[in-house]
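Structure data (mmCIF, C-alpha atoms) from data10.cif:
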```
data_target
#
loop_
_atom_site.group_PDB
_atom_site.id
_atom_site.type_symbol
_atom_site.label_atom_id
_atom_site.label_comp_id
_atom_site.auth_asym_id
_atom_site.auth_seq_id
_atom_site.Cartn_x
_atom_site.Cartn_y
_atom_site.Cartn_z
ATOM 1 C CA MET A 1 -47.872 -60.057 -42.855
ATOM 2 C CA SER A 2 -46.090 -60.771 -39.596
ATOM 3 C CA PRO A 3 -46.989 -58.080 -37.015
ATOM 4 C CA ASP A 4 -43.326 -57.630 -36.132
ATOM 5 C CA LEU A 5 -42.228 -56.874 -39.725
ATOM 6 C CA PHE A 6 -42.842 -53.123 -39.679
ATOM 7 C CA PRO A 7 -41.180 -52.526 -36.255
ATOM 8 C CA ALA A 8 -38.160 -54.595 -37.354
ATOM 9 C CA LEU A 9 -38.014 -52.693 -40.652
ATOM 10 C CA ARG A 10 -38.266 -49.368 -38.826
ATOM 11 C CA SER A 11 -35.350 -50.350 -36.573
ATOM 12 C CA GLY A 12 -33.109 -50.656 -39.626
ATOM 13 C CA ASN A 13 -32.895 -54.446 -39.616
ATOM 14 C CA ARG A 14 -31.562 -55.486 -43.023
ATOM 15 C CA ALA A 15 -33.128 -58.964 -42.902
ATOM 16 C CA ALA A 16 -36.523 -57.363 -42.248
ATOM 17 C CA LEU A 17 -35.963 -55.015 -45.188
ATOM 18 C CA ALA A 18 -35.186 -57.979 -47.437
ATOM 19 C CA ARG A 19 -38.377 -59.740 -46.259
ATOM 20 C CA ALA A 20 -40.422 -56.594 -46.835
ATOM 21 C CA ILE A 21 -39.117 -56.235 -50.391
ATOM 22 C CA THR A 22 -39.907 -59.890 -51.115
ATOM 23 C CA LEU A 23 -43.451 -59.339 -49.835
ATOM 24 C CA VAL A 24 -43.959 -56.248 -52.013
ATOM 25 C CA GLU A 25 -42.548 -58.038 -55.060
ATOM 26 C CA SER A 26 -44.802 -61.067 -54.572
ATOM 27 C CA THR A 27 -47.571 -61.693 -57.111
ATOM 28 C CA ARG A 28 -49.377 -64.193 -54.871
ATOM 29 C CA PRO A 29 -52.974 -63.013 -54.243
ATOM 30 C CA GLU A 30 -52.653 -63.655 -50.483
ATOM 31 C CA ASP A 31 -49.635 -61.292 -50.268
ATOM 32 C CA ILE A 32 -51.143 -58.310 -52.081
ATOM 33 C CA GLY A 33 -53.186 -57.034 -49.136
ATOM 34 C CA ALA A 34 -50.299 -57.471 -46.685
ATOM 35 C CA ALA A 35 -47.939 -55.616 -49.027
ATOM 36 C CA ARG A 36 -50.406 -52.752 -49.392
ATOM 37 C CA ALA A 37 -50.820 -52.513 -45.614
ATOM 38 C CA LEU A 38 -47.055 -52.426 -45.095
ATOM 39 C CA LEU A 39 -46.580 -49.686 -47.686
ATOM 40 C CA LEU A 40 -49.307 -47.594 -46.055
ATOM 41 C CA GLN A 41 -47.426 -47.844 -42.749
ATOM 42 C CA CYS A 42 -44.234 -46.726 -44.491
ATOM 43 C CA LEU A 43 -45.742 -43.798 -46.427
ATOM 44 C CA PRO A 44 -45.322 -41.195 -43.630
ATOM 45 C CA LEU A 45 -41.584 -42.002 -43.669
ATOM 46 C CA ALA A 46 -41.158 -41.311 -47.387
ATOM 47 C CA GLY A 47 -38.692 -38.713 -48.594
ATOM 48 C CA GLY A 48 -36.085 -39.224 -45.888
ATOM 49 C CA SER A 49 -33.281 -39.976 -48.336
ATOM 50 C CA VAL A 50 -31.403 -38.502 -51.249
ATOM 51 C CA ARG A 51 -32.378 -40.682 -54.200
ATOM 52 C CA ILE A 52 -29.674 -40.968 -56.859
ATOM 53 C CA GLY A 53 -30.169 -42.629 -60.238
ATOM 54 C CA ILE A 54 -27.048 -44.097 -61.834
ATOM 55 C CA THR A 55 -27.403 -44.879 -65.484
ATOM 56 C CA GLY A 56 -25.244 -45.294 -68.562
ATOM 57 C CA ILE A 57 -24.195 -47.680 -71.274
ATOM 58 C CA PRO A 58 -23.337 -51.314 -70.455
ATOM 59 C CA GLY A 59 -19.662 -51.581 -69.509
ATOM 60 C CA ALA A 60 -19.357 -48.027 -68.193
ATOM 61 C CA GLY A 61 -18.533 -49.370 -64.725
ATOM 62 C CA LYS A 62 -21.718 -48.521 -62.814
ATOM 63 C CA SER A 63 -21.363 -51.247 -60.175
ATOM 64 C CA THR A 64 -17.648 -50.617 -59.610
ATOM 65 C CA LEU A 65 -18.318 -46.906 -59.215
ATOM 66 C CA ILE A 66 -21.144 -47.557 -56.722
ATOM 67 C CA ASP A 67 -18.779 -49.668 -54.615
ATOM 68 C CA ALA A 68 -16.277 -46.800 -54.359
ATOM 69 C CA MET A 69 -18.844 -44.031 -54.036
ATOM 70 C CA GLY A 70 -20.904 -45.968 -51.483
ATOM 71 C CA LEU A 71 -17.860 -46.384 -49.238
ATOM 72 C CA ARG A 72 -17.264 -42.642 -49.433
ATOM 73 C CA MET A 73 -20.869 -42.010 -48.348
ATOM 74 C CA LEU A 74 -20.508 -44.477 -45.474
ATOM 75 C CA ASP A 75 -17.358 -42.685 -44.322
ATOM 76 C CA ALA A 76 -19.417 -39.468 -44.258
ATOM 77 C CA GLY A 77 -21.885 -41.096 -41.841
ATOM 78 C CA HIS A 78 -24.667 -42.087 -44.238
ATOM 79 C CA ARG A 79 -26.522 -45.397 -44.573
ATOM 80 C CA VAL A 80 -26.508 -46.575 -48.182
ATOM 81 C CA ALA A 81 -29.041 -48.745 -50.011
ATOM 82 C CA VAL A 82 -28.336 -49.918 -53.565
ATOM 83 C CA LEU A 83 -31.064 -51.195 -55.877
ATOM 84 C CA ALA A 84 -29.324 -52.873 -58.817
ATOM 85 C CA ILE A 85 -31.557 -53.637 -61.796
ATOM 86 C CA ASP A 86 -30.356 -56.508 -63.993
ATOM 87 C CA PRO A 87 -31.601 -57.317 -67.501
ATOM 88 C CA SER A 88 -33.849 -60.360 -67.840
ATOM 89 C CA SER A 89 -33.653 -62.999 -70.522
ATOM 90 C CA ALA A 90 -36.382 -62.605 -73.134
ATOM 91 C CA ARG A 91 -36.421 -66.410 -73.500
ATOM 92 C CA SER A 92 -36.163 -67.839 -69.984
ATOM 93 C CA GLY A 93 -37.104 -64.772 -67.929
ATOM 94 C CA GLY A 94 -34.035 -65.363 -65.751
ATOM 95 C CA SER A 95 -31.056 -63.202 -64.853
ATOM 96 C CA ILE A 96 -27.655 -63.778 -63.251
ATOM 97 C CA LEU A 97 -28.145 -60.792 -60.861
ATOM 98 C CA GLY A 98 -24.376 -60.312 -60.977
ATOM 99 C CA ASP A 99 -24.004 -56.604 -60.173
ATOM 100 C CA LYS A 100 -23.549 -57.284 -56.445
ATOM 101 C CA THR A 101 -20.339 -59.220 -57.137
ATOM 102 C CA ARG A 102 -18.690 -55.939 -58.182
ATOM 103 C CA MET A 103 -19.666 -54.274 -54.874
ATOM 104 C CA GLU A 104 -17.762 -56.632 -52.597
ATOM 105 C CA ARG A 105 -16.515 -54.010 -50.128
ATOM 106 C CA LEU A 106 -19.868 -52.265 -49.892
ATOM 107 C CA ALA A 107 -21.747 -55.545 -49.456
ATOM 108 C CA GLN A 108 -19.752 -56.355 -46.307
ATOM 109 C CA HIS A 109 -20.529 -53.087 -44.508
ATOM 110 C CA PRO A 110 -23.238 -53.213 -41.801
ATOM 111 C CA ASP A 111 -24.666 -49.822 -42.841
ATOM 112 C CA ALA A 112 -25.093 -50.813 -46.487
ATOM 113 C CA PHE A 113 -27.845 -52.834 -48.165
ATOM 114 C CA ILE A 114 -27.665 -54.142 -51.741
ATOM 115 C CA ARG A 115 -30.633 -55.700 -53.504
ATOM 116 C CA PRO A 116 -30.451 -57.006 -57.097
ATOM 117 C CA PHE A 117 -33.681 -56.931 -59.113
ATOM 118 C CA LEU A 118 -34.949 -58.417 -62.345
ATOM 119 C CA ALA A 119 -36.046 -55.892 -64.940
ATOM 120 C CA SER A 120 -38.743 -58.464 -65.844
ATOM 121 C CA GLY A 121 -39.554 -56.776 -69.131
ATOM 122 C CA THR A 122 -40.164 -53.363 -67.543
ATOM 123 C CA LEU A 123 -39.113 -50.581 -69.906
ATOM 124 C CA GLY A 124 -37.045 -47.567 -68.905
ATOM 125 C CA GLY A 125 -34.200 -49.380 -67.136
ATOM 126 C CA VAL A 126 -35.870 -49.972 -63.746
ATOM 127 C CA GLY A 127 -37.766 -52.837 -62.125
ATOM 128 C CA ARG A 128 -41.485 -53.357 -61.583
ATOM 129 C CA ARG A 129 -41.413 -52.447 -57.875
ATOM 130 C CA THR A 130 -38.482 -50.031 -57.743
ATOM 131 C CA ARG A 131 -40.507 -47.079 -56.470
ATOM 132 C CA GLU A 132 -42.068 -49.115 -53.649
ATOM 133 C CA THR A 133 -38.659 -50.529 -52.695
ATOM 134 C CA VAL A 134 -37.216 -47.025 -52.340
ATOM 135 C CA LEU A 135 -40.000 -46.289 -49.846
ATOM 136 C CA LEU A 136 -39.122 -49.412 -47.838
ATOM 137 C CA CYS A 137 -35.429 -48.436 -47.772
ATOM 138 C CA GLU A 138 -36.336 -44.974 -46.458
ATOM 139 C CA ALA A 139 -38.538 -46.508 -43.774
ATOM 140 C CA ALA A 140 -35.547 -48.638 -42.724
ATOM 141 C CA GLY A 141 -33.457 -45.498 -42.214
ATOM 142 C CA PHE A 142 -31.273 -45.518 -45.327
ATOM 143 C CA ASP A 143 -30.621 -41.887 -46.230
ATOM 144 C CA ARG A 144 -28.796 -42.528 -49.521
ATOM 145 C CA VAL A 145 -30.644 -44.702 -52.051
ATOM 146 C CA LEU A 146 -28.739 -45.495 -55.249
ATOM 147 C CA ILE A 147 -30.681 -46.962 -58.171
ATOM 148 C CA GLU A 148 -28.427 -48.648 -60.724
ATOM 149 C CA THR A 149 -30.335 -49.042 -63.977
ATOM 150 C CA VAL A 150 -30.024 -51.833 -66.499
ATOM 151 C CA GLY A 151 -27.932 -49.736 -68.876
ATOM 152 C CA ILE A 152 -30.013 -49.789 -72.038
ATOM 153 C CA GLY A 153 -29.073 -46.479 -73.585
ATOM 154 C CA GLN A 154 -30.866 -43.379 -74.857
ATOM 155 C CA SER A 155 -34.395 -44.287 -73.681
ATOM 156 C CA GLU A 156 -33.485 -45.036 -70.046
ATOM 157 C CA LEU A 157 -35.555 -42.231 -68.564
ATOM 158 C CA ALA A 158 -37.841 -43.837 -65.957
ATOM 159 C CA VAL A 159 -35.254 -43.489 -63.190
ATOM 160 C CA ASP A 160 -35.271 -39.701 -63.599
ATOM 161 C CA ARG A 161 -38.916 -39.606 -62.486
ATOM 162 C CA MET A 162 -38.212 -41.360 -59.177
ATOM 163 C CA THR A 163 -34.933 -39.776 -58.059
ATOM 164 C CA ASP A 164 -33.643 -36.426 -56.816
ATOM 165 C CA LEU A 165 -30.546 -36.519 -58.984
ATOM 166 C CA ASN A 166 -29.523 -38.462 -62.060
ATOM 167 C CA LEU A 167 -25.886 -39.435 -62.681
ATOM 168 C CA LEU A 168 -25.027 -40.469 -66.243
ATOM 169 C CA LEU A 169 -21.908 -42.590 -66.770
ATOM 170 C CA THR A 170 -20.077 -42.756 -70.053
ATOM 171 C CA ILE A 171 -16.601 -43.496 -71.386
ATOM 172 C CA GLY A 172 -14.401 -41.788 -73.949
ATOM 173 C CA GLY A 173 -14.705 -43.259 -77.416
ATOM 174 C CA ALA A 174 -18.349 -44.256 -76.969
ATOM 175 C CA GLY A 175 -19.345 -42.026 -79.890
ATOM 176 C CA ASP A 176 -18.588 -38.738 -81.593
ATOM 177 C CA GLU A 177 -19.544 -35.311 -80.295
ATOM 178 C CA LEU A 178 -23.023 -35.685 -81.855
ATOM 179 C CA GLN A 179 -23.861 -38.141 -79.046
ATOM 180 C CA GLY A 180 -23.488 -35.264 -76.615
ATOM 181 C CA ILE A 181 -26.400 -33.299 -78.045
ATOM 182 C CA LYS A 182 -28.832 -36.149 -78.643
ATOM 183 C CA ARG A 183 -32.085 -35.762 -76.775
ATOM 184 C CA GLY A 184 -33.302 -38.408 -74.379
ATOM 185 C CA ILE A 185 -30.950 -39.549 -71.656
ATOM 186 C CA MET A 186 -28.579 -36.584 -72.021
ATOM 187 C CA GLU A 187 -31.424 -34.234 -71.107
ATOM 188 C CA SER A 188 -32.143 -36.181 -67.922
ATOM 189 C CA ALA A 189 -28.611 -35.974 -66.499
ATOM 190 C CA ASP A 190 -27.741 -33.740 -63.538
ATOM 191 C CA LEU A 191 -24.116 -34.927 -63.595
ATOM 192 C CA ILE A 192 -22.160 -36.611 -66.379
ATOM 193 C CA LEU A 193 -19.234 -38.789 -65.323
ATOM 194 C CA LEU A 194 -16.519 -40.138 -67.589
ATOM 195 C CA THR A 195 -15.426 -43.353 -65.916
ATOM 196 C CA LYS A 196 -12.299 -45.511 -66.286
ATOM 197 C CA THR A 197 -10.093 -42.412 -66.527
ATOM 198 C CA ASP A 198 -6.872 -44.335 -65.993
ATOM 199 C CA GLY A 199 -4.024 -45.824 -67.993
ATOM 200 C CA GLY A 200 -4.404 -45.369 -71.728
ATOM 201 C CA ASN A 201 -7.969 -44.075 -71.328
ATOM 202 C CA ALA A 202 -7.023 -40.884 -69.468
ATOM 203 C CA ALA A 203 -6.150 -38.703 -72.471
ATOM 204 C CA ARG A 204 -9.146 -39.964 -74.456
ATOM 205 C CA ASN A 205 -11.509 -39.225 -71.575
ATOM 206 C CA GLU A 206 -10.084 -35.727 -71.135
ATOM 207 C CA ARG A 207 -10.811 -34.989 -74.801
ATOM 208 C CA ALA A 208 -14.289 -36.470 -74.508
ATOM 209 C CA ALA A 209 -14.975 -34.354 -71.398
ATOM 210 C CA GLY A 210 -14.097 -31.211 -73.338
ATOM 211 C CA ASP A 211 -16.472 -32.195 -76.143
ATOM 212 C CA LEU A 212 -19.273 -32.948 -73.673
ATOM 213 C CA ARG A 213 -18.833 -29.657 -71.799
ATOM 214 C CA MET A 214 -19.400 -27.808 -75.061
ATOM 215 C CA ALA A 215 -22.253 -30.085 -76.144
ATOM 216 C CA VAL A 216 -24.306 -29.739 -72.941
ATOM 217 C CA GLN A 217 -24.503 -25.986 -73.496
ATOM 218 C CA LEU A 218 -26.830 -26.795 -76.402
ATOM 219 C CA LEU A 219 -29.210 -28.766 -74.202
ATOM 220 C CA PRO A 220 -32.108 -27.147 -72.339
ATOM 221 C CA ALA A 221 -31.392 -26.502 -68.664
ATOM 222 C CA ARG A 222 -32.840 -28.876 -66.076
ATOM 223 C CA GLU A 223 -35.829 -27.859 -63.940
ATOM 224 C CA HIS A 224 -33.440 -26.485 -61.305
ATOM 225 C CA GLY A 225 -31.968 -24.112 -63.882
ATOM 226 C CA ALA A 226 -28.553 -25.720 -64.357
ATOM 227 C CA ARG A 227 -26.930 -27.852 -67.015
ATOM 228 C CA PRO A 228 -25.019 -31.001 -66.078
ATOM 229 C CA GLN A 229 -21.484 -30.734 -64.763
ATOM 230 C CA VAL A 230 -18.971 -33.048 -66.491
ATOM 231 C CA LEU A 231 -16.540 -34.905 -64.208
ATOM 232 C CA LEU A 232 -13.902 -37.603 -64.624
ATOM 233 C CA CYS A 233 -13.005 -40.494 -62.327
ATOM 234 C CA SER A 234 -11.383 -43.878 -61.962
ATOM 235 C CA ALA A 235 -13.199 -46.058 -59.435
ATOM 236 C CA THR A 236 -10.457 -48.715 -59.453
ATOM 237 C CA GLU A 237 -7.795 -46.106 -58.597
ATOM 238 C CA ASN A 238 -10.150 -44.053 -56.391
ATOM 239 C CA LYS A 239 -9.444 -40.937 -58.475
ATOM 240 C CA GLY A 240 -12.158 -38.304 -58.651
ATOM 241 C CA ILE A 241 -14.438 -40.049 -56.121
ATOM 242 C CA ALA A 242 -14.078 -37.255 -53.531
ATOM 243 C CA GLU A 243 -14.921 -34.647 -56.195
ATOM 244 C CA LEU A 244 -17.932 -36.696 -57.316
ATOM 245 C CA HIS A 245 -19.183 -36.998 -53.731
ATOM 246 C CA GLY A 246 -18.859 -33.233 -53.295
ATOM 247 C CA ALA A 247 -20.753 -32.584 -56.520
ATOM 248 C CA LEU A 248 -23.553 -34.955 -55.503
#
```
Output the file's structure in the form of structure tokens.
Amino acid sequence: MSPDLFPALRSGNRAALARAITLVESTRPEDIGAARALLLQCLPLAGGSVRIGITGIPGAGKSTLIDAMGLRMLDAGHRVAVLAIDPSSARSGGSILGDKTRMERLAQHPDAFIRPFLASGTLGGVGRRTRETVLLCEAAGFDRVLIETVGIGQSELAVDRMTDLNLLLTIGGAGDELQGIKRGIMESADLILLTKTDGGNAARNERAAGDLRMAVQLLPAREHGARPQVLLCSATENKGIAELHGAL
């Protein structure tokens, strides 16, 4: 490990953060000791961010929402890191890592950092080194860390164990009211957001929100004693983003 990596990381240098993540992700035997040493230096800086998990079915608009919500956080004076987990091919092991293309405005901001990751067969919707990467982002001074999961459905629970708050995205018409009381991912949500509430979807999402508000009353309360609030938004029209930011 270069001796200047930790000081550069601590100064908030995004290139140093990218190098640090690459080091921690490496499986080369000669990098393992250096990665461990770097993480030990970063450990005293852990916990300096609000960690937000963003999960939901494929096509719910997670990346588009992060772009809009991240800009709102930047306007409020925060530094935003996004860890976007992409599914990996079971045959080739590869991935297009395309989530960043939907965060064009956020990607251009100097106080934002976006890192796509391969799921690499890891279950639960997160990557193999997601937890360590969050620590590196906190050491670099990012005080909002958003973890966008693969989007695999009911069993996507790993992100809840490494975040402060879990945001579940869904859309109207994704299932009947029974979906709202299924165990699993619904129990791990602190906020439920109906996305794409625009055009012909608006009325359908309003009805779905009413069903979900009744359904969550049947779920056990979270550890903090509350049940998830149900909100609506349209990231493309910037509707409901201010309310979502306030709720977060």
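The spacing separating CA of Leu165 (chain A) from CA of Leu231 (chain A) amounts to 15.0 Å.
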Residues within 9 Å of region 67-83 of chain A, please, as a compact mmCIF listing (two decimals) with C-alpha atoms, keeping the file's coordinate frame. Count all atoms listed in the file; anything in the same chain fewer than 4 positions from it doesn't count.
```txt
# COMPACT_ATOMS: atom_id res chain seq x y z
CA LYS A 62 -21.72 -48.52 -62.81
CA SER A 63 -21.36 -51.25 -60.18
CA ARG A 102 -18.69 -55.94 -58.18
CA MET A 103 -19.67 -54.27 -54.87
CA GLU A 104 -17.76 -56.63 -52.60
CA ARG A 105 -16.52 -54.01 -50.13
CA LEU A 106 -19.87 -52.26 -49.89
CA ALA A 107 -21.75 -55.54 -49.46
CA HIS A 109 -20.53 -53.09 -44.51
CA PRO A 110 -23.24 -53.21 -41.80
CA ASP A 111 -24.67 -49.82 -42.84
CA ALA A 112 -25.09 -50.81 -46.49
CA PHE A 113 -27.84 -52.83 -48.16
CA ILE A 114 -27.66 -54.14 -51.74
CA ARG A 115 -30.63 -55.70 -53.50
CA PRO A 116 -30.45 -57.01 -57.10
CA PHE A 117 -33.68 -56.93 -59.11
CA THR A 130 -38.48 -50.03 -57.74
CA THR A 133 -38.66 -50.53 -52.70
CA VAL A 134 -37.22 -47.02 -52.34
CA CYS A 137 -35.43 -48.44 -47.77
CA GLU A 138 -36.34 -44.97 -46.46
CA GLY A 141 -33.46 -45.50 -42.21
CA PHE A 142 -31.27 -45.52 -45.33
CA ASP A 143 -30.62 -41.89 -46.23
CA ARG A 144 -28.80 -42.53 -49.52
CA VAL A 145 -30.64 -44.70 -52.05
CA LEU A 146 -28.74 -45.50 -55.25
CA ILE A 147 -30.68 -46.96 -58.17
CA GLU A 148 -28.43 -48.65 -60.72
CA THR A 149 -30.34 -49.04 -63.98
CA ALA A 235 -13.20 -46.06 -59.44
CA THR A 236 -10.46 -48.72 -59.45
CA ASN A 238 -10.15 -44.05 -56.39
CA ILE A 241 -14.44 -40.05 -56.12
CA ALA A 242 -14.08 -37.26 -53.53
CA LEU A 244 -17.93 -36.70 -57.32
CA HIS A 245 -19.18 -37.00 -53.73
```
**Reference answer for the PyMOL selection byres ((chain A and resi 190) around 7), as an MDAnalysis selection string** = chainID A and resid 165:167 188:189 191:192 227:228
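Distance check against Leu212 (chain A) using all atoms listed in the file: of A:His224, A:Gly173, A:Leu23, A:Thr197, the minimum falls on A:Gly173.
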**Residue members of the PyMOL selection byres ((chain A and resi 34) around 12) in the file shown, as an NGL selection string** = :A and (1-3 or 5-6 or 20-33 or 35-41)
Output of the above residues as a PDB file, in the frame of the given file, restricted to C-alpha atoms:
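Writing done, so here's again.pdb:
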```pdb
ATOM      1  CA  MET A   1     -47.872 -60.057 -42.855  1.00  0.00           C
ATOM      2  CA  SER A   2     -46.090 -60.771 -39.596  1.00  0.00           C
ATOM      3  CA  PRO A   3     -46.989 -58.080 -37.015  1.00  0.00           C
ATOM      4  CA  LEU A   5     -42.228 -56.874 -39.725  1.00  0.00           C
ATOM      5  CA  PHE A   6     -42.842 -53.123 -39.679  1.00  0.00           C
ATOM      6  CA  ALA A  20     -40.422 -56.594 -46.835  1.00  0.00           C
ATOM      7  CA  ILE A  21     -39.117 -56.235 -50.391  1.00  0.00           C
ATOM      8  CA  THR A  22     -39.907 -59.890 -51.115  1.00  0.00           C
ATOM      9  CA  LEU A  23     -43.451 -59.339 -49.835  1.00  0.00           C
ATOM     10  CA  VAL A  24     -43.959 -56.248 -52.013  1.00  0.00           C
ATOM     11  CA  GLU A  25     -42.548 -58.038 -55.060  1.00  0.00           C
ATOM     12  CA  SER A  26     -44.802 -61.067 -54.572  1.00  0.00           C
ATOM     13  CA  THR A  27     -47.571 -61.693 -57.111  1.00  0.00           C
ATOM     14  CA  ARG A  28     -49.377 -64.193 -54.871  1.00  0.00           C
ATOM     15  CA  PRO A  29     -52.974 -63.013 -54.243  1.00  0.00           C
ATOM     16  CA  GLU A  30     -52.653 -63.655 -50.483  1.00  0.00           C
ATOM     17  CA  ASP A  31     -49.635 -61.292 -50.268  1.00  0.00           C
ATOM     18  CA  ILE A  32     -51.143 -58.310 -52.081  1.00  0.00           C
ATOM     19  CA  GLY A  33     -53.186 -57.034 -49.136  1.00  0.00           C
ATOM     20  CA  ALA A  35     -47.939 -55.616 -49.027  1.00  0.00           C
ATOM     21  CA  ARG A  36     -50.406 -52.752 -49.392  1.00  0.00           C
ATOM     22  CA  ALA A  37     -50.820 -52.513 -45.614  1.00  0.00           C
ATOM     23  CA  LEU A  38     -47.055 -52.426 -45.095  1.00  0.00           C
ATOM     24  CA  LEU A  39     -46.580 -49.686 -47.686  1.00  0.00           C
ATOM     25  CA  LEU A  40     -49.307 -47.594 -46.055  1.00  0.00           C
ATOM     26  CA  GLN A  41     -47.426 -47.844 -42.749  1.00  0.00           C
TER      27      GLN A  41
END
```
**Message:** So that I can see what lies close to region 204-206 of chain A, please list as a PyMOL selection string the residues with an atom at most 12 Å from it, counting all atoms listed in the file and leaving out residues fewer than 5 positions away in the same chain.
**Reply:** chain A and resi 169-176+193-199+211-213+230-234
**Request:** Using CA of Met214 (chain A) and CA of Ile66 (chain A) as the two end points, give the distance in Å to one decimal.
**Result:**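 According to the coordinates, CA of Met214 (chain A) and CA of Ile66 (chain A) are separated by 27.0 Å.
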